[in-house]
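**Student:** Structure supplied as my_file_10.txt; contents: compact mmCIF, C-alpha atoms.
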```
# COMPACT_ATOMS: atom_id res chain seq x y z
CA MET I 488 0.00 0.00 0.00
CA GLN I 489 2.80 2.36 0.87
CA THR I 490 4.44 1.62 -2.48
CA LEU I 491 1.26 2.59 -4.31
CA LEU I 492 1.03 5.85 -2.40
CA GLN I 493 4.64 6.67 -3.22
CA ALA I 494 4.02 5.91 -6.90
CA ALA I 495 0.88 8.09 -6.88
CA ALA I 496 2.89 10.94 -5.36
CA LEU I 497 5.27 10.79 -8.32
CA VAL I 498 2.44 11.19 -10.81
CA PRO I 499 2.11 14.85 -11.78
CA ALA I 500 -1.13 16.53 -10.69
CA SER I 501 -1.45 18.16 -14.10
CA ILE I 502 -0.61 17.70 -17.76
CA PRO I 503 2.73 19.45 -18.32
CA SER I 504 3.19 21.86 -21.17
CA PRO I 505 5.09 20.34 -24.11
CA ASP I 506 8.84 20.85 -24.29
CA TRP I 507 8.93 20.06 -28.01
CA SER I 508 6.95 21.57 -30.88
CA GLY I 509 8.86 20.32 -33.92
CA PHE I 510 12.29 20.01 -35.47
CA ASP I 511 14.41 21.60 -38.21
CA ILE I 512 15.79 19.95 -41.32
CA PRO I 513 18.97 21.66 -42.62
CA LEU I 514 18.90 22.57 -46.31
CA PRO I 515 21.51 24.21 -48.58
CA TRP I 516 19.53 27.47 -48.58
CA GLY I 517 18.42 27.37 -44.91
CA THR I 518 16.29 25.12 -42.72
CA LEU I 519 12.89 23.50 -43.09
CA ARG I 520 10.79 23.61 -39.93
CA ILE I 521 8.62 20.53 -39.33
CA HIS I 522 5.92 21.45 -36.82
CA ALA I 523 4.45 18.96 -34.36
CA TYR I 524 1.01 20.33 -35.24
CA ALA I 525 1.47 19.31 -38.87
CA LEU I 526 2.73 15.86 -37.84
CA CYS I 527 -0.39 15.29 -35.73
CA ILE I 528 -2.63 16.31 -38.63
CA LEU I 529 -0.68 14.02 -40.96
CA ALA I 530 -0.85 11.10 -38.50
CA GLY I 531 -4.61 11.61 -38.20
CA ILE I 532 -5.03 11.58 -41.97
CA VAL I 533 -3.00 8.36 -42.30
CA ALA I 534 -4.96 6.59 -39.55
CA GLY I 535 -8.32 7.76 -40.86
CA LEU I 536 -7.41 6.79 -44.39
CA TRP I 537 -6.37 3.32 -43.28
CA LEU I 538 -9.68 2.69 -41.52
CA THR I 539 -11.63 4.11 -44.46
CA SER I 540 -9.78 1.99 -47.02
CA VAL I 541 -10.46 -1.20 -45.03
CA ARG I 542 -14.17 -0.44 -44.75
CA TRP I 543 -14.38 0.70 -48.37
CA ALA I 544 -12.84 -2.52 -49.66
CA ARG I 545 -15.26 -4.62 -47.59
CA ARG I 546 -18.17 -2.92 -49.32
CA GLY I 547 -17.01 -4.19 -52.70
CA ALA I 548 -15.55 -0.94 -53.99
CA PRO I 549 -13.21 -1.03 -57.00
CA GLU I 550 -9.57 -1.47 -56.07
CA GLY I 551 -7.64 1.79 -55.86
CA SER I 552 -10.74 4.00 -55.96
CA VAL I 553 -10.16 5.24 -52.40
CA TRP I 554 -6.96 6.95 -53.53
CA ASP I 555 -8.72 8.59 -56.46
CA ILE I 556 -11.23 10.03 -54.01
CA VAL I 557 -8.96 11.20 -51.19
CA VAL I 558 -6.52 12.85 -53.58
CA CYS I 559 -9.32 15.35 -54.19
CA ALA I 560 -10.97 15.30 -50.75
CA ILE I 561 -7.89 16.01 -48.60
CA PRO I 562 -6.67 19.21 -50.35
CA PHE I 563 -10.25 20.51 -50.51
CA GLY I 564 -10.70 19.72 -46.83
CA ILE I 565 -7.53 21.53 -45.75
CA ILE I 566 -8.47 24.62 -47.75
CA GLY I 567 -12.01 24.58 -46.42
CA GLY I 568 -10.85 24.13 -42.84
CA ARG I 569 -8.49 27.06 -43.10
CA LEU I 570 -11.09 29.33 -44.69
CA TYR I 571 -13.62 28.54 -41.97
CA HIS I 572 -11.06 29.32 -39.26
CA VAL I 573 -10.22 32.66 -40.85
CA VAL I 574 -13.90 33.60 -41.09
CA SER I 575 -14.72 32.45 -37.55
CA SER I 576 -11.64 34.15 -35.99
CA PRO I 577 -10.99 37.14 -38.25
CA ASP I 578 -9.27 39.55 -35.86
CA ALA I 579 -5.74 38.25 -36.40
CA TYR I 580 -6.12 38.47 -40.17
CA PHE I 581 -8.32 41.53 -40.72
CA GLY I 582 -8.09 43.34 -37.40
CA PRO I 583 -10.80 43.94 -34.78
CA GLY I 584 -14.00 44.95 -36.50
CA PHE I 585 -12.27 44.43 -39.86
CA ASP I 586 -10.38 47.71 -39.37
CA GLY I 587 -7.50 46.55 -41.57
CA THR I 588 -4.94 46.25 -38.77
CA GLY I 589 -4.59 42.45 -39.13
CA ASP I 590 -1.94 40.52 -41.03
CA LEU I 591 -3.22 38.85 -44.21
CA SER I 592 0.06 37.01 -44.65
CA LEU I 593 -0.93 34.77 -41.72
CA ILE I 594 -3.82 33.22 -43.65
CA PRO I 595 -1.76 30.58 -45.53
CA GLN I 596 0.43 29.79 -42.49
CA ILE I 597 -1.46 26.66 -41.47
CA GLN I 598 1.50 25.42 -39.40
CA ARG I 599 0.58 28.01 -36.76
CA GLY I 600 -2.70 26.19 -36.20
CA GLY I 601 -6.26 26.98 -37.11
CA LEU I 602 -8.37 24.49 -39.08
CA GLY I 603 -12.14 24.63 -38.70
CA ILE I 604 -13.72 21.19 -38.91
CA TRP I 605 -16.92 22.49 -40.53
CA GLY I 606 -15.15 24.04 -43.48
CA ALA I 607 -12.96 20.96 -43.77
CA VAL I 608 -15.98 18.65 -43.92
CA VAL I 609 -17.98 20.79 -46.36
CA LEU I 610 -15.21 21.33 -48.91
CA GLY I 611 -13.84 17.85 -48.24
CA VAL I 612 -17.21 16.39 -49.27
CA VAL I 613 -17.09 18.48 -52.45
CA GLY I 614 -13.66 17.04 -53.25
CA ALA I 615 -14.89 13.52 -52.43
CA TRP I 616 -17.86 14.02 -54.77
CA ILE I 617 -15.49 14.90 -57.61
CA GLY I 618 -13.38 11.81 -56.90
CA CYS I 619 -16.46 9.57 -56.66
CA ARG I 620 -17.75 10.77 -60.02
CA ARG I 621 -14.41 10.00 -61.63
CA SER I 622 -14.36 6.53 -60.07
CA GLY I 623 -18.00 5.73 -60.86
CA VAL I 624 -19.04 5.18 -57.24
CA LYS I 625 -21.71 6.69 -55.01
CA LEU I 626 -20.76 9.54 -52.71
CA SER I 627 -23.26 8.33 -50.10
CA ALA I 628 -21.58 4.91 -49.97
CA PHE I 629 -18.15 6.47 -49.53
CA LEU I 630 -19.34 8.81 -46.76
CA ASP I 631 -20.70 5.86 -44.80
CA ALA I 632 -17.38 4.05 -45.17
CA ALA I 633 -15.40 7.14 -44.18
CA ALA I 634 -17.44 8.32 -41.16
CA PRO I 635 -15.53 6.38 -38.44
CA GLY I 636 -12.25 7.26 -40.13
CA LEU I 637 -13.12 10.97 -39.93
CA LEU I 638 -13.57 10.74 -36.17
CA LEU I 639 -10.32 8.81 -35.83
CA ALA I 640 -8.43 11.45 -37.82
CA GLN I 641 -9.93 14.23 -35.67
CA ALA I 642 -9.05 12.39 -32.45
CA ILE I 643 -5.37 12.22 -33.42
CA GLY I 644 -5.21 15.62 -35.08
CA ARG I 645 -6.48 17.35 -31.92
CA TRP I 646 -3.16 16.64 -30.24
CA GLY I 647 -1.65 19.28 -32.49
CA ASN I 648 -3.41 21.86 -30.31
CA TYR I 649 -1.52 20.50 -27.32
CA PHE I 650 1.87 21.03 -28.96
CA ASN I 651 0.82 24.52 -30.03
CA GLN I 652 -0.52 25.25 -26.52
CA GLU I 653 -3.80 26.55 -27.87
CA LEU I 654 -7.58 26.09 -27.68
CA PHE I 655 -7.68 25.22 -23.98
CA GLY I 656 -10.51 25.78 -21.53
CA GLY I 657 -10.99 27.88 -18.43
CA PRO I 658 -8.99 27.61 -15.20
CA THR I 659 -9.37 24.40 -13.17
CA THR I 660 -7.73 22.51 -10.31
CA LEU I 661 -8.58 19.02 -11.57
CA PRO I 662 -5.76 16.43 -11.52
CA TRP I 663 -5.69 16.39 -15.33
CA ALA I 664 -5.48 20.17 -15.67
CA LEU I 665 -3.23 21.51 -18.41
CA GLN I 666 -0.15 23.66 -17.93
CA ILE I 667 0.47 26.50 -20.36
CA ASP I 668 3.75 28.39 -20.47
CA ALA I 669 3.23 31.85 -19.03
CA ASP I 670 5.29 33.42 -21.82
CA ASN I 671 3.22 31.74 -24.55
CA PRO I 672 1.23 34.22 -26.68
CA ASN I 673 -1.92 32.17 -26.00
CA PHE I 674 -1.65 32.51 -22.21
CA PRO I 675 -4.54 34.68 -20.99
CA ALA I 676 -3.40 38.16 -20.05
CA GLY I 677 -3.72 39.07 -16.39
CA THR I 678 -3.88 35.42 -15.27
CA PRO I 679 -1.44 34.14 -12.59
CA ALA I 680 1.50 32.24 -14.11
CA ASP I 681 0.72 29.04 -12.22
CA THR I 682 -2.88 28.83 -13.46
CA LEU I 683 -3.97 25.48 -14.86
CA PHE I 684 -6.60 25.05 -17.56
CA HIS I 685 -9.09 22.50 -18.88
CA PRO I 686 -7.41 20.35 -21.60
CA THR I 687 -10.26 20.65 -24.10
CA PHE I 688 -8.07 19.06 -26.77
CA LEU I 689 -7.96 15.90 -24.61
CA TYR I 690 -11.70 15.96 -23.98
CA GLU I 691 -12.44 16.11 -27.69
CA SER I 692 -9.84 13.47 -28.54
CA LEU I 693 -11.35 11.01 -26.06
CA TRP I 694 -14.88 11.89 -27.19
CA ASN I 695 -13.95 11.16 -30.79
CA LEU I 696 -12.24 7.86 -29.97
CA ALA I 697 -15.36 6.71 -28.13
CA GLY I 698 -17.36 7.77 -31.19
CA VAL I 699 -15.24 5.58 -33.47
CA VAL I 700 -16.08 2.52 -31.38
CA LEU I 701 -19.76 3.51 -31.23
CA LEU I 702 -20.12 4.07 -34.98
CA LEU I 703 -18.42 0.79 -35.82
CA ALA I 704 -20.68 -1.09 -33.41
CA LEU I 705 -23.88 0.55 -34.69
CA ASP I 706 -22.93 0.04 -38.32
CA ARG I 707 -22.20 -3.62 -37.68
CA LYS I 708 -25.61 -4.08 -36.07
CA PHE I 709 -27.80 -1.97 -38.40
CA ASN I 710 -25.78 -1.95 -41.65
CA PHE I 711 -26.44 1.72 -42.43
CA ARG I 712 -26.64 2.82 -46.07
CA ARG I 713 -27.43 5.97 -48.09
CA SER I 714 -25.08 8.16 -45.95
CA ARG I 715 -27.05 7.56 -42.71
CA LEU I 716 -23.86 6.62 -40.83
CA PHE I 717 -22.28 9.89 -41.96
CA TRP I 718 -25.19 11.89 -40.56
CA LEU I 719 -24.95 9.87 -37.35
CA TYR I 720 -21.28 10.88 -37.20
CA ALA I 721 -22.30 14.54 -37.59
CA MET I 722 -24.82 14.24 -34.77
CA TYR I 723 -22.37 12.57 -32.42
CA TYR I 724 -19.53 14.97 -33.09
CA THR I 725 -21.64 18.13 -32.75
CA LEU I 726 -23.21 16.83 -29.53
CA GLY I 727 -19.76 16.72 -27.96
CA ARG I 728 -18.51 19.87 -29.65
CA VAL I 729 -21.26 22.01 -28.06
CA TRP I 730 -20.13 21.44 -24.47
CA ILE I 731 -16.42 21.29 -25.29
CA GLU I 732 -16.57 24.50 -27.32
CA ALA I 733 -18.42 26.27 -24.52
CA MET I 734 -15.47 25.57 -22.18
CA ARG I 735 -12.86 27.25 -24.39
CA ILE I 736 -11.60 30.76 -23.60
CA ASP I 737 -9.62 31.57 -26.77
CA ASP I 738 -10.75 34.45 -28.96
CA ALA I 739 -13.62 33.59 -31.29
CA GLU I 740 -16.43 35.27 -33.15
CA GLN I 741 -19.42 35.84 -30.87
CA ILE I 742 -22.93 35.56 -32.31
CA GLU I 743 -26.20 36.57 -30.66
CA LEU I 744 -29.29 34.51 -31.50
CA PHE I 745 -32.57 34.22 -29.61
CA GLY I 746 -31.19 36.57 -26.99
CA ILE I 747 -28.16 34.33 -26.34
CA THR I 748 -24.62 35.42 -27.18
CA THR I 749 -22.09 32.64 -27.58
CA ARG I 750 -19.31 31.44 -29.83
CA LEU I 751 -19.96 30.92 -33.53
CA ASN I 752 -18.84 27.31 -33.31
CA VAL I 753 -21.47 26.59 -30.65
CA TRP I 754 -24.29 27.85 -32.88
CA THR I 755 -22.81 26.02 -35.85
CA SER I 756 -22.72 22.77 -33.87
CA ILE I 757 -26.37 23.17 -32.84
CA PHE I 758 -27.59 23.83 -36.37
CA VAL I 759 -25.50 21.01 -37.86
CA PHE I 760 -26.86 18.62 -35.24
CA LEU I 761 -30.46 19.51 -36.09
CA ALA I 762 -29.82 19.24 -39.84
CA ALA I 763 -28.07 15.88 -39.40
CA LEU I 764 -30.91 14.58 -37.23
CA ALA I 765 -33.48 15.55 -39.87
CA ALA I 766 -31.45 13.94 -42.67
CA PHE I 767 -30.95 10.76 -40.63
CA ILE I 768 -34.69 10.42 -39.95
CA LEU I 769 -35.80 11.21 -43.51
CA LEU I 770 -33.33 8.75 -45.03
CA GLY I 771 -34.44 6.11 -42.55
CA ARG I 772 -38.08 6.44 -43.61
CA LYS I 773 -37.16 5.98 -47.25
CA LYS I 774 -37.51 2.37 -48.29
CA ARG I 775 -34.58 0.62 -49.89
CA THR I 776 -35.10 -0.19 -53.54
CA GLY I 777 -32.95 -2.60 -55.47
CA ARG I 778 -29.64 -4.10 -54.50
CA ASP I 779 -27.17 -2.17 -52.34
CA THR I 780 -24.13 -1.31 -54.42
CA VAL I 781 -21.33 1.24 -54.25
CA TYR I 782 -21.43 1.84 -58.01
CA LEU I 783 -23.26 4.62 -59.80
CA PRO I 784 -26.00 3.46 -62.21
CA GLY I 785 -24.42 2.27 -65.43
CA ARG I 786 -20.92 2.09 -63.95
CA GLU I 787 -21.08 -1.46 -62.62
CA PRO I 788 -18.30 -3.77 -63.83
CA GLU I 789 -19.27 -6.03 -66.71
CA LYS I 790 -19.75 -9.71 -65.90
CA SER I 791 -17.33 -12.00 -67.73
CA ASP I 792 -18.76 -14.65 -70.11
CA GLY I 793 -17.79 -18.28 -69.61
CA PRO I 794 -18.93 -21.62 -68.30
CA LYS I 795 -19.58 -20.17 -64.83
CA ALA I 796 -21.75 -17.40 -66.21
CA ALA I 797 -23.65 -19.85 -68.38
CA ALA I 798 -24.17 -22.18 -65.46
CA ALA I 799 -25.42 -19.27 -63.36
CA ALA I 800 -27.94 -18.48 -66.08
CA GLY I 801 -29.20 -22.07 -65.99
CA ASP I 802 -27.63 -23.18 -69.27
CA GLU I 803 -26.04 -26.63 -69.39
CA VAL I 804 -22.59 -26.71 -70.92
CA ARG I 805 -21.92 -29.90 -72.91
CA ASP I 806 -19.16 -31.00 -75.22
CA PRO I 807 -20.79 -32.24 -78.45
CA ASP I 808 -17.81 -34.48 -79.21
CA THR I 809 -18.42 -36.53 -76.09
CA VAL I 810 -22.14 -37.10 -76.62
CA VAL I 811 -22.84 -40.79 -77.27
CA SER I 812 -26.18 -42.16 -78.35
CA ASP I 813 -28.09 -44.31 -75.94
CA SER I 814 -28.18 -47.27 -78.32
CA GLU I 815 -24.41 -47.20 -78.82
CA SER I 816 -23.74 -47.14 -75.12
CA ARG I 817 -26.00 -50.10 -74.54
CA ASP I 818 -24.56 -51.96 -77.51
CA ASN I 819 -21.05 -51.70 -76.09
CA LEU I 820 -21.95 -53.18 -72.73
CA PRO I 821 -20.78 -56.78 -72.12
CA ASP I 822 -23.24 -59.56 -71.62
CA ASN I 823 -23.71 -60.53 -67.98
CA GLN I 824 -23.24 -64.24 -68.72
CA ASN I 825 -20.56 -64.74 -71.34
CA GLY I 826 -18.89 -61.29 -71.62
CA SER I 827 -19.78 -61.08 -75.31
CA ARG I 828 -21.55 -58.21 -76.92
CA ARG I 829 -25.09 -57.93 -75.55
CA ALA I 830 -28.00 -58.60 -77.82
CA SER I 831 -30.72 -57.64 -75.39
CA VAL I 832 -31.44 -54.52 -77.43
CA PRO I 833 -32.17 -55.35 -81.04
CA THR I 834 -30.47 -53.35 -83.73
CA GLU I 835 -32.43 -51.35 -86.26
CA GLU I 836 -31.81 -54.01 -88.89
CA ALA I 837 -33.13 -56.75 -86.64
CA ALA I 838 -36.17 -54.70 -85.76
CA ALA I 839 -36.85 -54.01 -89.43
CA ALA I 840 -36.36 -57.65 -90.57
CA PRO I 841 -39.57 -59.56 -91.32
CA ALA I 842 -40.66 -62.12 -88.82
CA GLY I 843 -39.62 -65.64 -89.82
CA PRO I 844 -41.59 -68.84 -89.48
CA THR I 845 -42.10 -70.39 -86.14
CA PRO I 846 -39.07 -72.44 -85.23
CA GLY I 847 -39.58 -76.07 -85.60
CA PRO I 848 -38.56 -78.92 -83.35
CA ASP I 849 -35.11 -79.05 -84.88
CA ALA I 850 -34.42 -75.42 -84.14
CA THR I 851 -35.62 -75.90 -80.63
CA ALA I 852 -33.39 -78.85 -80.18
CA ALA I 853 -30.49 -76.92 -81.61
CA GLY I 854 -31.07 -74.19 -79.10
CA LYS I 855 -31.04 -76.69 -76.28
CA SER I 856 -27.79 -78.16 -77.53
CA GLY I 857 -25.95 -74.79 -77.19
CA SER I 858 -25.76 -73.78 -80.84
CA THR I 859 -25.64 -70.02 -81.58
CA ALA I 860 -29.05 -68.43 -82.10
CA THR I 861 -29.51 -65.40 -84.26
CA GLY I 862 -32.94 -64.48 -82.97
CA THR I 863 -33.92 -62.50 -79.92
CA ALA I 864 -32.52 -63.72 -76.61
CA PRO I 865 -34.92 -64.81 -73.87
CA GLU I 866 -34.17 -61.55 -71.91
CA ALA I 867 -35.76 -59.56 -74.70
CA GLY I 868 -39.18 -60.87 -73.91
CA ALA I 869 -38.79 -59.77 -70.30
CA THR I 870 -38.11 -56.15 -71.28
CA LYS I 871 -41.29 -55.59 -73.25
```
As structure tokens, please, write out the structure in this file.

**Tutor:**
Amino acid sequence: MQTLLQAAALVPASIPSPDWSGFDIPLPWGTLRIHAYALCILAGIVAGLWLTSVRWARRGAPEGSVWDIVVCAIPFGIIGGRLYHVVSSPDAYFGPGFDGTGDLSLIPQIQRGGLGIWGAVVLGVVGAWIGCRRSGVKLSAFLDAAAPGLLLAQAIGRWGNYFNQELFGGPTTLPWALQIDADNPNFPAGTPADTLFHPTFLYESLWNLAGVVLLLALDRKFNFRRSRLFWLYAMYYTLGRVWIEAMRIDDAEQIELFGITTRLNVWTSIFVFLAALAAFILLGRKKRTGRDTVYLPGREPEKSDGPKAAAAAGDEVRDPDTVVSDSESRDNLPDNQNGSRRASVPTEEAAAAPAGPTPGPDATAAGKSGSTATGTAPEAGATK
């Protein structure tokens, strides 16, 4: 017991601020700075893409189509995420009240942080639609396959905010409180240097990881189609984003609606949740028609012709060279008694020959003595 108490005393009562935020690569003309924020985003993309590709292949998608789609979706998503961040937090770029005192050169500097998930999803879907059209697959099918992967990518990418020491919540004394360097530009002015804050990046990362497990379990049970799993993802994410966003104290655009003034991202989360809920219900009431397929109409792969296809269609495949008439097969069978050629089935010539006179006593005697008879064998009468 004492050992456990000593070990617990060694555990820090807060999450320390990061000592590392990236590294430099020397180049002939200078250095290339690799930011930890960018590495977290990249790691999230790789993990999300892996999960999406596995699920996409299981749905019978054409091989390699996932790359044709993401090569359009990812750049569109990054651009959309950056644009949404600039619009939702414009002071640094355009100045307070758009007075022109901001720095427009900061807009393309994504390594400093600032990607809005809503813009990333909207423009990312546009890019995915372009890729799906080129690959001949349905966008709705791809969105269902990608929904858990999106949450996984967001869960990992959120750790970039930790390395940038940004987007944290209000002060707290909880054991998992987050330390922020007092000299960091994001440290709230006028706050004591030893103040600890809510690690909202950690809250959202854990929320998203739980969502990945939940979406996979629900999809396995209900087999969602027609983008219903994607809308379920939107509902789950926005449900968590509302309370996590409300905890943050960083600068953001404030919007007043219905007499309530709060952050733009809070209102956006509420409206997206309601829209996703409506889409999920409406799609669920729509009956499924036809066979579920990932392909667009008219873009299905052609079925190959061959014996298997003919057999599937109910046609019997036979080799005409191996067809033997029934009479020939019987004629070649050996006689059960003497192994000679059977005469139980008369040939056409024998059947056509006129009936001879009734055998006399001599012929009968000859038959009893074992001489060869040219007439019908006794078995023939039994087969009439």

**Student:** So how many Å separate CA of Ile528 in chain I and CA of Ser508 in chain I, to one decimal?

**Tutor:** 13.4 Å

**Student:** In terms of the shortest atom-to-atom distance over only C-alpha atoms, which of I:Thr678, I:Asn651, I:Gln641, I:Ser576 is closest to Asp738 in chain I?

**Tutor:** I:Ser576

**Student:** In terms of the shortest atom-to-atom distance over only C-alpha atoms, which of I:Val609, I:Gly601, I:Gly517, I:Asp631 is closest to Arg707 in chain I?

**Tutor:**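 Among I:Val609, I:Gly601, I:Gly517, I:Asp631, it is I:Asp631 that comes nearest to Arg707 in chain I.
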
**Student:** Hey, what's within 12 Å of Gly582 in chain I if we count all atoms listed in the file and toss same-chain stuff fewer than 6 positions away? As a list of chain:residue names, please?

**Tutor:**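 Returned residues: I:Val573, I:Val574, I:Ser576, I:Thr588, I:Gly589, I:Asp590, I:Leu591, I:Leu593.
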
**Student:** So which one's closest to Pro675 in chain I, I:Leu654, I:Leu689, I:Val699, I:Ala763? Using all atoms listed in the file, please.

**Tutor:**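 Of the candidates, the smallest distance to Pro675 in chain I is held by I:Leu654.
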